[in-house]
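Student: For reference, the structure I am asking about is given below.
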Amino acid sequence: MALVKNKLQRWCLPLTSFALGLMTLLAIMAPMQAQALPAFARQTGQNCVSCHTGGQFPELTPYGRIFKMTGYTIGERTVPLSVMGVASYASVNNVSKSDTADAGVSTTNSSSDFYKNGEPILATGSLFIAGKVTDNIGAFTQITYDNYAQANADGSSSGHTQADNMDFRYANRLIDANRDLIYGISLNNNPSVSDPWNTAAAWMQYVPVPSPGSHQFIDGKAPYPGFGSGGNIAGLTAYMYWNKSIYAEVGAYRTADGAFRFMSQGMDDTSITRLNGLNPYWRLAYTREWGPHNLMIGTSGMLANVYDNSTDPTDSMAYNQIRNTGVDAQYQYILDPHTFTAQMHYMQQVTNYSPNTLAGASSFFQADGVTQVDPYNSSDTLNVFRAKLAYTYKAKYGGSLSYFNMTGTTNTLNQTAGFVDTSGQITMAPNQARITSNLSGNPATNGITYEAFYIPIQNVRIGAQYTAYATYNGASDNYDGLGRNASDNNTLFLYAWVAF
Amino acid sequence: MKYKEILLILALGLMGTGCSNIENSRDLGNPNVSAKTLAAQVCSNCHGLDGNSTSPVFPKLAGQQAGYIVSQLTNYRSHQRLDPPGSEYMWGLSRHLTIEQIDGLADYYSKQVPQRVNAGNVDPKLLAEGKEIFEKGVPAENVIACMACHGPQAQGMATFPRLALQHSNYILNQLEIFQNTQGRPGTPMDAVVHPLTSENKHAIAAYLQAFPD
């Protein structure tokens, strides 16, 4: 009871200031509502609920998916600009048992493992250039400013701006009594960002993730299905949707350099993802709608050759071959005043490590301090499963429940904590924070996220998530070897998400 | 590298200029796009290509009275019809439709054939009650028969809408709007439905959806 009281007291002030800040923000914005809608809403003149299920952006309704597949061209050309901002607050269950906590570093210092813990922050802001260009061409591009992107040596932090999701499209639709065919091409910078379903890897994680250390265990950082290549690469895909039944998309991705450098703008040359040649991506889905129900069952995959070291994209010994294969499904029930969505995605990732990677060896020993751990596996398999149930009422109130489970092969390559030979003591790999280290080399991580949200006006979403971990980095207890447990990472996360 | 980026932007820009595809356009601000094209490229997304919507959120327009469609599109365009979710979708879509486009859409949908919704098993008692109200009204409450204005086959007439085979969910929502809100001003329905009970409304909606041939 005393613990609960203490926690309440600890959260009371930040929560109050968070709420006050939010109310001020809402008070300023409320009169703008009628005029100040995001770019797509201005283009169609429609309310957000037309395209976003129960108003819970970014999840799309059946109509929203057609809007996207037809190249964002429904409506009339207008000012193609929108802005989005996220304010957030995160509180980690246990902020001791960390290197920086042991060293007495305050959570107000950017080098802290729990930087900004328990403090409301203005986290990220995005500028969208999005909308219809011609009858067949449209775009969705996002540039994001991250207020806490860089930690400075003096304990402060700095912001940084970078290219975010980009999707330029050409689309056409041939529709008559005999057939309905939508087809098009997408030039984009993130595998599956072109996908219209929100179980896609690029979309299933839906709340923007702030970067301070206190936010590193929020739901957005817990396992989600994803492609091994990551984003900020350049791809061209061709897609078709036939009779609102079969969706197929194929394409290929390459390094976002040269003429495509704008797709990785904001990253320096040494940090962009370097891919070897063209890397194929595919997607196939079957859909069916009946009454207020809508179902999609699909599969997707990608083969990516990703260089270990982005500064040398010529060494054939230096890239990992990553194969992703996924199955996903989404069911939506939309009938005013209720919406209900069930989503699942299972993604398997097989990584064949580069010869250069395998040439290394682990410096860790068994607990006896004498026997060296096994050499690296030449390949790893990672399985990520996500399932989410979400409900909204009157497009105002809602909640969701998510389950995540990541399993995979145990590999000393993934081991970032272990015993040293001289003392038999546990230590961390260089540059590894203890709280994210892995003693077992097993990636298993699973847990549940509970969420409640409120949409006071259609441009604003306020949410609370609580993410509880049963297993983290292969263990429920003492995953780092120094006493940190999975449940120590449980995190309360509050967010206010605004788009105009 | 800069010149390559400039070339790419120029190429994209060239693709974007002068590219009009009027036959398959989804442009709601272009008066030259035909009503038939708009019906196929835009309206069909919710109402179905032939006006038989799949989702009961959206009314079926197949076989609807042309006069009624014109009046509703005009009311949405002028914001005289306020009820959500209709206004949330339709204010924007109708805002720059021309009279010719509105007339064309009305003509197109009025000529489509309404299809029957498979509603599964509906309580026969509910259907019987709906039929009773449709044909005779609720005399004790001075509710007039639906068929008095909407016709014996619920086919509608001029600005009185066709109701036969409409989604029951849509009918029910509209009855609620007439009864409890000012969302659809300027019709006699506010007064007509005022005394209806919840059961009455469900019965009417179920009967109209299952309207006999």
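In the structure tokens, each chain is lettered A, B, ... as it comes, each chain's residues begin at 1, and ligands are numbered from 1 in order of appearance.
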For chain A versus chain B, which residues have an atom no more than 6 Å away, and what is each residue's nearest atom pair and distance in Å rounded to one decimal, using only C-alpha atoms, chain-then-number order, as a Markdown table?

Tutor:
| residue | atom | partner | partner_atom | distance |
| --- | --- | --- | --- | --- |
| A:Thr44 | CA | B:Gly92 | CA | 5.6 |
| A:Gly45 | CA | B:Gly92 | CA | 3.5 |
| A:Gln46 | CA | B:Gly92 | CA | 4.9 |
| A:Asn47 | CA | B:Glu88 | CA | 4.9 |
| A:Ile74 | CA | B:Arg26 | CA | 4.8 |
| A:Gly75 | CA | B:Leu28 | CA | 4.9 |
| A:Glu76 | CA | B:Gly29 | CA | 5.2 |
| A:Thr134 | CA | B:Gly16 | CA | 5.8 |
| A:Asp135 | CA | B:Ser25 | CA | 5.4 |
| A:Gly258 | CA | B:Met1 | CA | 5.7 |
| A:Ala259 | CA | B:Glu5 | CA | 4.7 |
| A:Gly291 | CA | B:Ser55 | CA | 4.5 |
| A:Pro292 | CA | B:Ser55 | CA | 4.7 |
| A:Leu335 | CA | B:Val57 | CA | 6.0 |

Student: Could you list, as a PyMOL selection string, every residue within 8 Å of range 79-84 of chain A, counting only C-alpha atoms and ignoring same-chain residues fewer than 4 positions away?

Tutor: chain A and resi 37-40+125-132+497-500

Student: Run DSSP on the backbone and give me the residues of range 50-99 of chain B it puts in alpha helix (DSSP H), as a PyMOL selection string.

Tutor: chain B and resi 66-77+86-94+99

Student: Using only C-alpha atoms, find the one residue out of B:Lys201, B:Lys36, B:Arg184, B:Arg162 that sits nearest to Glu129 in chain B.

Tutor: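 Answer, going by the shortest atom-to-atom distance: B:Lys201.
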
Student: With only C-alpha atoms as the counted atoms, please give the residues lying no more than 8 Å from Ala202 in chain A, apart from itself and same-chain residues fewer than 3 positions off, as a ChimeraX atom specification.

Tutor: /A:190-193,205,226

Student: Next, the residues of the selection above should be written as an mmCIF file, in the first residue's frame with N, CA and C atoms.

Tutor:
data_model
loop_
_atom_site.group_PDB
_atom_site.id
_atom_site.type_symbol
_atom_site.label_atom_id
_atom_site.label_comp_id
_atom_site.auth_asym_id
_atom_site.auth_seq_id
_atom_site.Cartn_x
_atom_site.Cartn_y
_atom_site.Cartn_z
ATOM 1 N N ASN A 190 10.577 2.630 -47.289
ATOM 2 C CA ASN A 190 10.441 1.747 -46.136
ATOM 3 C C ASN A 190 9.610 0.539 -46.567
ATOM 4 N N PRO A 191 10.155 -0.668 -46.550
ATOM 5 C CA PRO A 191 9.385 -1.830 -46.997
ATOM 6 C C PRO A 191 8.059 -1.942 -46.236
ATOM 7 N N SER A 192 6.982 -2.034 -46.975
ATOM 8 C CA SER A 192 5.594 -2.173 -46.494
ATOM 9 C C SER A 192 4.965 -0.850 -46.080
ATOM 10 N N VAL A 193 5.664 0.279 -46.220
ATOM 11 C CA VAL A 193 5.001 1.557 -45.930
ATOM 12 C C VAL A 193 3.906 1.799 -46.970
ATOM 13 N N GLN A 205 3.216 -0.910 -35.587
ATOM 14 C CA GLN A 205 3.643 -0.072 -34.471
ATOM 15 C C GLN A 205 3.160 1.337 -34.790
ATOM 16 N N GLY A 226 9.039 -6.851 -38.222
ATOM 17 C CA GLY A 226 9.751 -5.831 -38.998
ATOM 18 C C GLY A 226 10.662 -6.482 -40.014
#

Student: With only C-alpha atoms as the counted atoms, please give the residues lying no more than 10 Å from Gln65 in chain B, apart from itself and same-chain residues fewer than 5 positions off, as a VMD selection string.

Tutor: chain B and resid 70 106 to 107 109 to 111 155 to 163
